[in-house]
Amino acid sequence: MSAEPEPGEARRPAFTLLGSGGWIPTQRRETTCGLLSLPEALFIFDAGTGLSRMLEPRFREELAGSREVHLFLSHYHLDHVVGLFYLPGIFRGTAVHLHPPAADITGRDPEAMLATVIGKPFSPHGIGEMPLELLIEPLGGGSHQVAGMNVAVRRQQHADPSAGFRVDDLLVFATDTTSDEETAAFARGAALMVHEAWIDGIEEEDPETEHIAREAYVAHTSARQAAALAAAAGVGRLVLNHLNPLRGDGYHRQMLASAQKIFPATAIVEDGEWLEL
Ligand SMILES: [Zn+2]
Ligand SMILES: [Zn+2]
């Protein structure tokens, strides 16, 4: 649906998860990568293995035309940055604005972090020497104008701090974060909230499994918690992201059912499935 619009036809904002999994890519779910297709720009959230789907013709055509490409990074865990290594193959001939989280979010210098991830001997090129036009523009907490859109950034608690993003009233992208009431305030009234969900949350209720919840909540969120945040925020829709690759479809279906009891407009989507905004 989000092919080049016919002349005179306006491009409608749409979102897809090119990678809806966390940690380890599977046949079905690559690791985290969100694609927001806007009239004037392409916004990509995280460079997990899902970024590789940009090579598929249906997503390659998103690069046709002259829209600006902006790639936002939530944090530096490898399942969110491995795709930086793919950039020259995917974006040759296209300028990419890369927005790592600034030091006020992570406590780490973004240029140094990128040089660590993409540098010899792990990569044939340093981050600044890759054969593509890469503009490194870190984003700190607060509001920013990016390609004519208002992009708000906030610090989230994770194993290492991460950045959460809001694009106007269209999208909130919050992954690799504990459940935080501030996320609900941040997401108030947004059309779509994409939030991580690592476990169901039922684990809390049984002494046999309570340790699973306790360990997860140090860095992650349950489906039930994500749904409660979506309900508190009054968002239009919730999509669960960063699904645990060690859990099967049955468990993910259970997560969805648990979340829908709290917030009916919750979905789990397949990689590459477009949602109109
Ligand atoms: Zn992750
Ligand atoms: Zn992480």
# chains A, B, ... in the order shown; residues from 1 in each chain; ligands from 1

$ residues_near_ligand --ligand "ligand 2" --cutoff "10 Å" --atoms "only C-alpha atoms and all ligand atoms" --output "list in words"
Gly22, Trp23, Thr32, Ser74, His75, Tyr76, His77, Leu78, Asp79, His80, His158, Ala159, Asp160, Pro161, Ser162, Thr175, Asp176, Thr177, Ala219, His220 and His242 of chain A

$ write_last_selection --atoms "N, CA, C and O atoms" --output "short mmCIF file (atom, residue, chain, number, x, y, z; two decimals), in the first residue's frame"
data_model
loop_
_atom_site.label_atom_id
_atom_site.label_comp_id
_atom_site.auth_asym_id
_atom_site.auth_seq_id
_atom_site.Cartn_x
_atom_site.Cartn_y
_atom_site.Cartn_z
N GLY A 22 13.17 -9.67 19.44
CA GLY A 22 14.31 -9.18 20.21
C GLY A 22 15.42 -10.21 20.20
O GLY A 22 15.19 -11.39 19.87
N TRP A 23 16.62 -9.74 20.48
CA TRP A 23 17.78 -10.57 20.75
C TRP A 23 18.26 -11.41 19.57
O TRP A 23 19.26 -11.08 18.94
N THR A 32 14.76 -6.00 16.13
CA THR A 32 13.99 -4.75 16.08
C THR A 32 14.36 -3.76 14.99
O THR A 32 15.52 -3.32 14.89
N SER A 74 17.69 3.42 19.57
CA SER A 74 17.23 3.48 20.97
C SER A 74 18.38 3.27 21.94
O SER A 74 18.41 3.86 23.02
N HIS A 75 19.30 2.37 21.60
CA HIS A 75 20.46 2.07 22.45
C HIS A 75 21.41 1.21 21.64
O HIS A 75 21.17 0.99 20.44
N TYR A 76 22.47 0.72 22.27
CA TYR A 76 23.56 0.11 21.51
C TYR A 76 23.62 -1.41 21.62
O TYR A 76 24.60 -2.01 21.19
N HIS A 77 22.63 -2.04 22.21
CA HIS A 77 22.65 -3.51 22.24
C HIS A 77 22.68 -4.03 20.79
O HIS A 77 22.05 -3.47 19.89
N LEU A 78 23.43 -5.12 20.62
CA LEU A 78 23.73 -5.57 19.26
C LEU A 78 22.48 -5.90 18.44
O LEU A 78 22.48 -5.72 17.23
N ASP A 79 21.43 -6.39 19.11
CA ASP A 79 20.21 -6.72 18.34
C ASP A 79 19.53 -5.46 17.79
O ASP A 79 18.58 -5.58 17.00
N HIS A 80 20.03 -4.27 18.17
CA HIS A 80 19.45 -3.01 17.68
C HIS A 80 20.41 -2.22 16.80
O HIS A 80 20.01 -1.21 16.22
N HIS A 158 16.64 0.60 31.20
CA HIS A 158 16.87 -0.70 30.58
C HIS A 158 18.16 -1.23 31.20
O HIS A 158 18.68 -0.63 32.14
N ALA A 159 18.69 -2.35 30.69
CA ALA A 159 19.97 -2.86 31.20
C ALA A 159 21.02 -1.76 31.09
O ALA A 159 21.86 -1.58 31.99
N ASP A 160 21.03 -1.04 29.97
CA ASP A 160 21.68 0.26 29.84
C ASP A 160 20.56 1.20 29.41
O ASP A 160 19.63 0.77 28.72
N PRO A 161 20.63 2.49 29.77
CA PRO A 161 19.49 3.37 29.43
C PRO A 161 19.25 3.38 27.93
O PRO A 161 20.17 3.24 27.12
N SER A 162 17.98 3.56 27.57
CA SER A 162 17.60 3.59 26.16
C SER A 162 16.76 4.84 25.90
O SER A 162 16.32 5.51 26.84
N THR A 175 11.01 0.73 23.10
CA THR A 175 11.49 -0.66 23.22
C THR A 175 12.67 -0.71 24.17
O THR A 175 13.31 0.30 24.47
N ASP A 176 12.92 -1.93 24.65
CA ASP A 176 14.01 -2.14 25.59
C ASP A 176 13.91 -1.16 26.74
O ASP A 176 14.76 -0.29 26.94
N THR A 177 12.83 -1.33 27.47
CA THR A 177 12.52 -0.46 28.60
C THR A 177 11.72 -1.23 29.64
O THR A 177 10.98 -2.14 29.29
N ALA A 219 14.85 -5.10 33.16
CA ALA A 219 15.17 -4.43 31.90
C ALA A 219 13.99 -4.38 30.94
O ALA A 219 14.05 -3.65 29.95
N HIS A 220 12.94 -5.13 31.21
CA HIS A 220 11.88 -5.32 30.20
C HIS A 220 10.48 -5.15 30.80
O HIS A 220 10.32 -4.92 31.99
N HIS A 242 9.51 -6.62 19.95
CA HIS A 242 10.67 -7.19 20.65
C HIS A 242 10.28 -8.50 21.34
O HIS A 242 10.60 -8.75 22.50
#

$ residues_around --residues "Tyr251 of chain A" --least-positions-apart "5" --cutoff "9 Å" --atoms "only C-alpha atoms" --output "ChimeraX atom specification"
/A:199-200,256

$ write_last_selection --atoms "all heavy atoms" --output "PDB file, in the first residue's frame"
ATOM      1  N   ILE A 199       7.638 -10.746  28.265  1.00  0.00           N
ATOM      2  CA  ILE A 199       6.927 -11.876  28.885  1.00  0.00           C
ATOM      3  C   ILE A 199       5.442 -11.544  28.929  1.00  0.00           C
ATOM      4  O   ILE A 199       5.049 -10.413  28.657  1.00  0.00           O
ATOM      5  CB  ILE A 199       7.438 -12.198  30.319  1.00  0.00           C
ATOM      6  CG1 ILE A 199       7.219 -11.002  31.261  1.00  0.00           C
ATOM      7  CG2 ILE A 199       8.903 -12.621  30.279  1.00  0.00           C
ATOM      8  CD1 ILE A 199       7.489 -11.341  32.734  1.00  0.00           C
ATOM      9  N   ASP A 200       4.638 -12.540  29.294  1.00  0.00           N
ATOM     10  CA  ASP A 200       3.197 -12.324  29.418  1.00  0.00           C
ATOM     11  C   ASP A 200       2.884 -11.461  30.642  1.00  0.00           C
ATOM     12  O   ASP A 200       2.104 -10.517  30.562  1.00  0.00           O
ATOM     13  CB  ASP A 200       2.495 -13.685  29.537  1.00  0.00           C
ATOM     14  CG  ASP A 200       1.013 -13.540  29.762  1.00  0.00           C
ATOM     15  OD1 ASP A 200       0.611 -13.293  30.917  1.00  0.00           O
ATOM     16  OD2 ASP A 200       0.263 -13.660  28.792  1.00  0.00           O
ATOM     17  N   LEU A 256      -0.792 -11.918  23.710  1.00  0.00           N
ATOM     18  CA  LEU A 256      -1.744 -11.046  23.014  1.00  0.00           C
ATOM     19  C   LEU A 256      -3.100 -11.074  23.711  1.00  0.00           C
ATOM     20  O   LEU A 256      -3.717 -10.020  23.947  1.00  0.00           O
ATOM     21  CB  LEU A 256      -1.878 -11.489  21.556  1.00  0.00           C
ATOM     22  CG  LEU A 256      -2.875 -10.707  20.711  1.00  0.00           C
ATOM     23  CD1 LEU A 256      -2.487  -9.236  20.639  1.00  0.00           C
ATOM     24  CD2 LEU A 256      -2.968 -11.301  19.301  1.00  0.00           C
TER      25      LEU A 256
END

$ select_by_dssp --residues "segment 59-277 of chain A" --states "strand (DSSP E)" --output "PyMOL selection string"
chain A and resi 68-72+96-99+134-136+142-146+149-156+162-167+171-174+192-196+237-241+266-267+275-276

$ closest_residue --among "A:Gly148, A:Gly119, A:Gly19, A:Pro138" --to "ligand 1" --atoms "only C-alpha atoms and all ligand atoms"
A:Gly19

$ residues_around --residues "Leu170 of chain A" --least-positions-apart "4" --cutoff "8 Å" --atoms "only C-alpha atoms" --output "list in words"
Arg166, Ala190, Ala191, Leu192 and Leu277 of chain A

$ write_last_selection --atoms "N, CA and C atoms" --output "short mmCIF file (atom, residue, chain, number, x, y, z; two decimals), in the first residue's frame"
data_model
loop_
_atom_site.label_atom_id
_atom_site.label_comp_id
_atom_site.auth_asym_id
_atom_site.auth_seq_id
_atom_site.Cartn_x
_atom_site.Cartn_y
_atom_site.Cartn_z
N ARG A 166 8.72 9.74 20.25
CA ARG A 166 7.35 10.06 19.84
C ARG A 166 7.42 10.95 18.61
N ALA A 190 -1.49 9.35 21.40
CA ALA A 190 -0.85 8.99 20.12
C ALA A 190 -1.69 7.95 19.39
N ALA A 191 -1.62 7.97 18.06
CA ALA A 191 -2.40 7.02 17.27
C ALA A 191 -1.93 5.58 17.50
N LEU A 192 -0.63 5.39 17.52
CA LEU A 192 -0.06 4.04 17.63
C LEU A 192 1.07 4.04 18.65
N LEU A 277 -1.74 4.84 9.42
CA LEU A 277 -1.91 5.71 10.60
C LEU A 277 -2.85 6.86 10.28
#

$ closest_atom_pairs --of "segment 10-86 of chain A" --to "segment 92-101 of chain A" --cutoff "6 Å" --atoms "only C-alpha atoms" --output "tab-separated table"
residue	atom	partner	partner_atom	distance
A:Val69	CA	A:Val96	CA	5.2
A:His70	CA	A:His97	CA	4.7
A:Leu71	CA	A:Leu98	CA	4.8
A:Phe72	CA	A:His99	CA	4.6
A:Leu73	CA	A:Pro100	CA	4.9

$ select_by_dssp --residues "segment 61-237 of chain A" --states "alpha helix (DSSP H)" --output "ChimeraX atom specification"
/A:78-81,87-91,103-106,110-117,181-187,210-216,223-233

$ closest_residue --among "A:Asp249, A:Glu208, A:Glu196, A:Glu133" --to "ligand 1" --atoms "only C-alpha atoms and all ligand atoms"
A:Glu196

$ closest_residue --among "A:Gly126, A:Gly89, A:Gly250, A:Gly107" --to "Ser52 of chain A" --atoms "only C-alpha atoms"
A:Gly89

$ residues_around --residues "segment 180-186 of chain A" --least-positions-apart "6" --cutoff "12 Å" --atoms "only C-alpha atoms" --output "PyMOL selection string"
chain A and resi 142-143+151-158+163-169+171-174+193-196+217-222+225-235+238

$ closest_residue --among "A:Pro110, A:Pro131, A:Pro25, A:Pro88" --to "ligand 1" --atoms "only C-alpha atoms and all ligand atoms"
A:Pro25
